[in-house]
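Undergrad: Once you've had a glance at the structure underneath, I'll fire off some questions.
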Amino acid sequence: MASLLKLYNSALLRRPLVTQCATAAVLFGAGDVIAQQAIDRKGADHDFARTARLTFYGGALFGPIMTKWYQWLGGIKFSSPSRALASRVALDQLALTPVAVGFFFTSMTLLEGQGLTEAQTRLESAYVPTLVRNWGVFVPTQILNFAVIPTHLRFVVVSVVSLFWNTYLSFANAQTKKSVEVE
């Protein structure tokens, strides 16, 4: 196990974009599998297209954006460690997160083959509750992440926490989709 982690850490340092995109793809897909099997209890009725959409989103959309975001945040110089911590958490949670939550629900709606009207309806239903729940999970996570984790491992910390968050997102997206279809 230690050699596998060493290999992964080496890949993060040598090829951060590819490694982090692959990590995000696996964890978004795994989050959906957990949501469908452990929460929705779908069993053999597993929606593989849904898992594929979330895997694609993680690897092709979320992964590259977040890799570049953390590289940029890590490169900003601050006058003190406490100012760096407060500024990075504030930028992450107040500038990036509101956009990222909207981007997620819009992307999922479009990847499901629906239009912008449906995306707007889904956003109206899910955006605020999801954003508030995100802050409850990721503000404490990011305080620890930016305070003690080396820059090249920050995406990994977020990704591990995101496995559980992605399970929630997959479930919330499916529930919102169901409630919008009923209306």
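We name chains A, B, ... following the order of the structure tokens; residues begin at 1 in each chain, and ligands are numbered from 1 as shown.
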Within 8 Å of range 112-125 of chain A, counting only C-alpha atoms, which residues qualify if same-chain residues fewer than 4 places away don't, as a list of chain:residue names?
TA: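 Surrounding residues, per the criterion: A:Arg53, A:Gly102, A:Phe105, A:Thr106, A:Met108, A:Thr176, A:Lys177, A:Val180.
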Undergrad: Would you mind exporting N, CA, C and O atoms of the selected residues as a compact mmCIF listing (two decimals), in the first residue's frame?
TA:
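Saved file part_9.txt follows:
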```txt
# COMPACT_ATOMS: atom_id res chain seq x y z
N ARG A 53 -22.00 9.78 -16.92
CA ARG A 53 -22.06 11.25 -16.93
C ARG A 53 -21.26 11.85 -15.79
O ARG A 53 -20.51 12.81 -15.98
N GLY A 102 -23.37 25.85 -9.36
CA GLY A 102 -24.22 26.12 -10.53
C GLY A 102 -23.75 25.38 -11.77
O GLY A 102 -24.56 24.84 -12.53
N PHE A 105 -24.87 21.53 -11.58
CA PHE A 105 -26.27 21.23 -11.92
C PHE A 105 -26.58 21.55 -13.38
O PHE A 105 -27.32 20.81 -14.03
N THR A 106 -26.00 22.61 -13.91
CA THR A 106 -26.20 22.94 -15.32
C THR A 106 -25.57 21.87 -16.21
O THR A 106 -26.21 21.39 -17.16
N MET A 108 -24.89 18.72 -15.49
CA MET A 108 -25.62 17.46 -15.39
C MET A 108 -26.90 17.50 -16.22
O MET A 108 -27.22 16.55 -16.92
N THR A 176 -33.60 16.02 -7.33
CA THR A 176 -34.09 17.27 -7.93
C THR A 176 -34.65 16.99 -9.31
O THR A 176 -35.69 17.53 -9.68
N LYS A 177 -33.99 16.13 -10.06
CA LYS A 177 -34.49 15.77 -11.39
C LYS A 177 -35.87 15.14 -11.27
O LYS A 177 -36.79 15.48 -12.03
N VAL A 180 -38.50 17.84 -10.32
CA VAL A 180 -38.77 18.74 -11.43
C VAL A 180 -39.66 18.03 -12.46
O VAL A 180 -40.56 18.63 -13.02
```
Undergrad: Excluding Trp69 in chain A and any residue of its chain fewer than 5 positions from it, enumerate the residues within 10 Å of it, using only C-alpha atoms, and give them as a PyMOL selection string.
TA: chain A and resi 63-64+74-75+92+96+155
Undergrad: Give me a file of those residues, with all heavy atoms, as a CSV table (one decimal), in the first residue's frame.
TA:
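Okay, this is what ended up in part_33.csv:
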```
chain,number,residue,atom,x,y,z
A,63,GLY,N,-12.1,18.1,-12.9
A,63,GLY,CA,-10.7,17.8,-12.6
A,63,GLY,C,-9.8,18.9,-13.2
A,63,GLY,O,-8.9,19.5,-12.4
A,64,PRO,N,-9.9,19.3,-14.4
A,64,PRO,CA,-9.0,20.3,-15.0
A,64,PRO,C,-9.2,21.7,-14.3
A,64,PRO,O,-8.2,22.4,-14.0
A,64,PRO,CB,-9.3,20.4,-16.5
A,64,PRO,CG,-10.1,19.2,-16.8
A,64,PRO,CD,-10.7,18.7,-15.5
A,74,GLY,N,-2.4,28.3,-4.7
A,74,GLY,CA,-1.1,28.0,-4.1
A,74,GLY,C,0.0,28.9,-4.5
A,74,GLY,O,0.9,29.1,-3.7
A,75,GLY,N,-0.2,29.6,-5.6
A,75,GLY,CA,0.9,30.5,-6.1
A,75,GLY,C,0.7,31.9,-5.6
A,75,GLY,O,1.6,32.7,-5.7
A,92,ASP,N,-11.8,30.4,-2.1
A,92,ASP,CA,-12.4,29.0,-2.5
A,92,ASP,C,-13.9,28.9,-2.3
A,92,ASP,O,-14.6,28.5,-3.2
A,92,ASP,CB,-11.6,27.9,-1.8
A,92,ASP,CG,-11.9,26.6,-2.3
A,92,ASP,OD1,-11.5,26.3,-3.4
A,92,ASP,OD2,-12.6,25.8,-1.6
A,96,LEU,N,-15.2,30.6,-5.9
A,96,LEU,CA,-15.3,29.4,-6.7
A,96,LEU,C,-16.5,28.6,-6.5
A,96,LEU,O,-17.2,28.2,-7.4
A,96,LEU,CB,-14.0,28.5,-6.5
A,96,LEU,CG,-14.1,27.2,-7.2
A,96,LEU,CD1,-13.8,27.4,-8.7
A,96,LEU,CD2,-13.2,26.2,-6.7
A,155,PHE,N,-5.6,18.9,-3.7
A,155,PHE,CA,-6.6,18.4,-4.6
A,155,PHE,C,-7.0,17.0,-4.1
A,155,PHE,O,-8.2,16.6,-4.1
A,155,PHE,CB,-6.2,18.4,-6.0
A,155,PHE,CG,-7.2,17.8,-7.0
A,155,PHE,CD1,-8.2,18.7,-7.5
A,155,PHE,CD2,-7.3,16.5,-7.3
A,155,PHE,CE1,-9.1,18.2,-8.4
A,155,PHE,CE2,-8.2,16.0,-8.2
A,155,PHE,CZ,-9.2,16.9,-8.8
```
Undergrad: Please build the interface table for range 53-107 of chain A against range 19-25 of chain A with a cut-off of 6 Å, listing for each qualifying residue the nearest atom pair and the distance in Å to one decimal; count only C-alpha atoms, order rows by chain and increasing number, and write it as JSON lines.
TA:
```
{"residue": "A:Thr55", "atom": "CA", "partner": "A:Ala25", "partner_atom": "CA", "distance": 4.6}
{"residue": "A:Gly58", "atom": "CA", "partner": "A:Ala25", "partner_atom": "CA", "distance": 4.3}
{"residue": "A:Gly59", "atom": "CA", "partner": "A:Ala25", "partner_atom": "CA", "distance": 4.0}
{"residue": "A:Gly63", "atom": "CA", "partner": "A:Cys21", "partner_atom": "CA", "distance": 4.3}
```
Undergrad: Find the residues around Ala90 in chain A up to 12 Å (only C-alpha atoms counted), leave out those fewer than 2 positions away in its own chain, and share them as a compact mmCIF listing (two decimals) with C-alpha atoms, in the first residue's frame.
TA:
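Wrote it out as part-v5.txt, contents follow:
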```txt
# COMPACT_ATOMS: atom_id res chain seq x y z
CA LEU A 73 -4.39 29.58 -5.16
CA ARG A 83 -3.83 35.93 6.00
CA ALA A 84 -3.00 33.23 3.42
CA LEU A 85 -5.29 30.74 5.15
CA ALA A 86 -8.22 33.14 5.51
CA SER A 87 -7.84 34.47 1.96
CA ARG A 88 -7.57 31.05 0.33
CA ASP A 92 -12.35 29.04 -2.54
CA GLN A 93 -15.71 29.14 -0.81
CA LEU A 94 -17.01 32.57 -1.82
CA ALA A 95 -15.66 32.95 -5.37
CA LEU A 96 -15.27 29.40 -6.73
CA THR A 97 -17.91 27.37 -4.91
CA PRO A 98 -21.02 29.35 -5.91
CA TRP A 135 -20.10 25.27 3.07
CA PHE A 138 -15.89 22.27 2.82
CA VAL A 139 -15.20 25.34 4.96
CA PRO A 140 -13.75 23.15 7.76
CA GLN A 142 -10.44 23.77 3.42
CA ILE A 143 -9.25 25.36 6.67
CA PHE A 146 -4.82 25.10 3.37
```
Undergrad: Residues within 9 Å of Leu169 in chain A, please, as a list in words. Count only C-alpha atoms; anything in the same chain fewer than 4 positions from it doesn't count.
TA: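 The filter keeps Gly31, Asp32, Ala35, Phe104, Thr130, Phe164, Trp165, Asn173 and Ala174 of chain A.
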Undergrad: Kindly give the distance, in Å, that separates CA of Leu17 in chain A and CA of Arg133 in chain A, rounded to a single decimal.
TA: 27.6 Å
Undergrad: One decimal, Å: what's the distance from CA of Met66 in chain A over to CA of Ser179 in chain A, could you say?
TA: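 Separation between CA of Met66 in chain A and CA of Ser179 in chain A: 29.8 Å.
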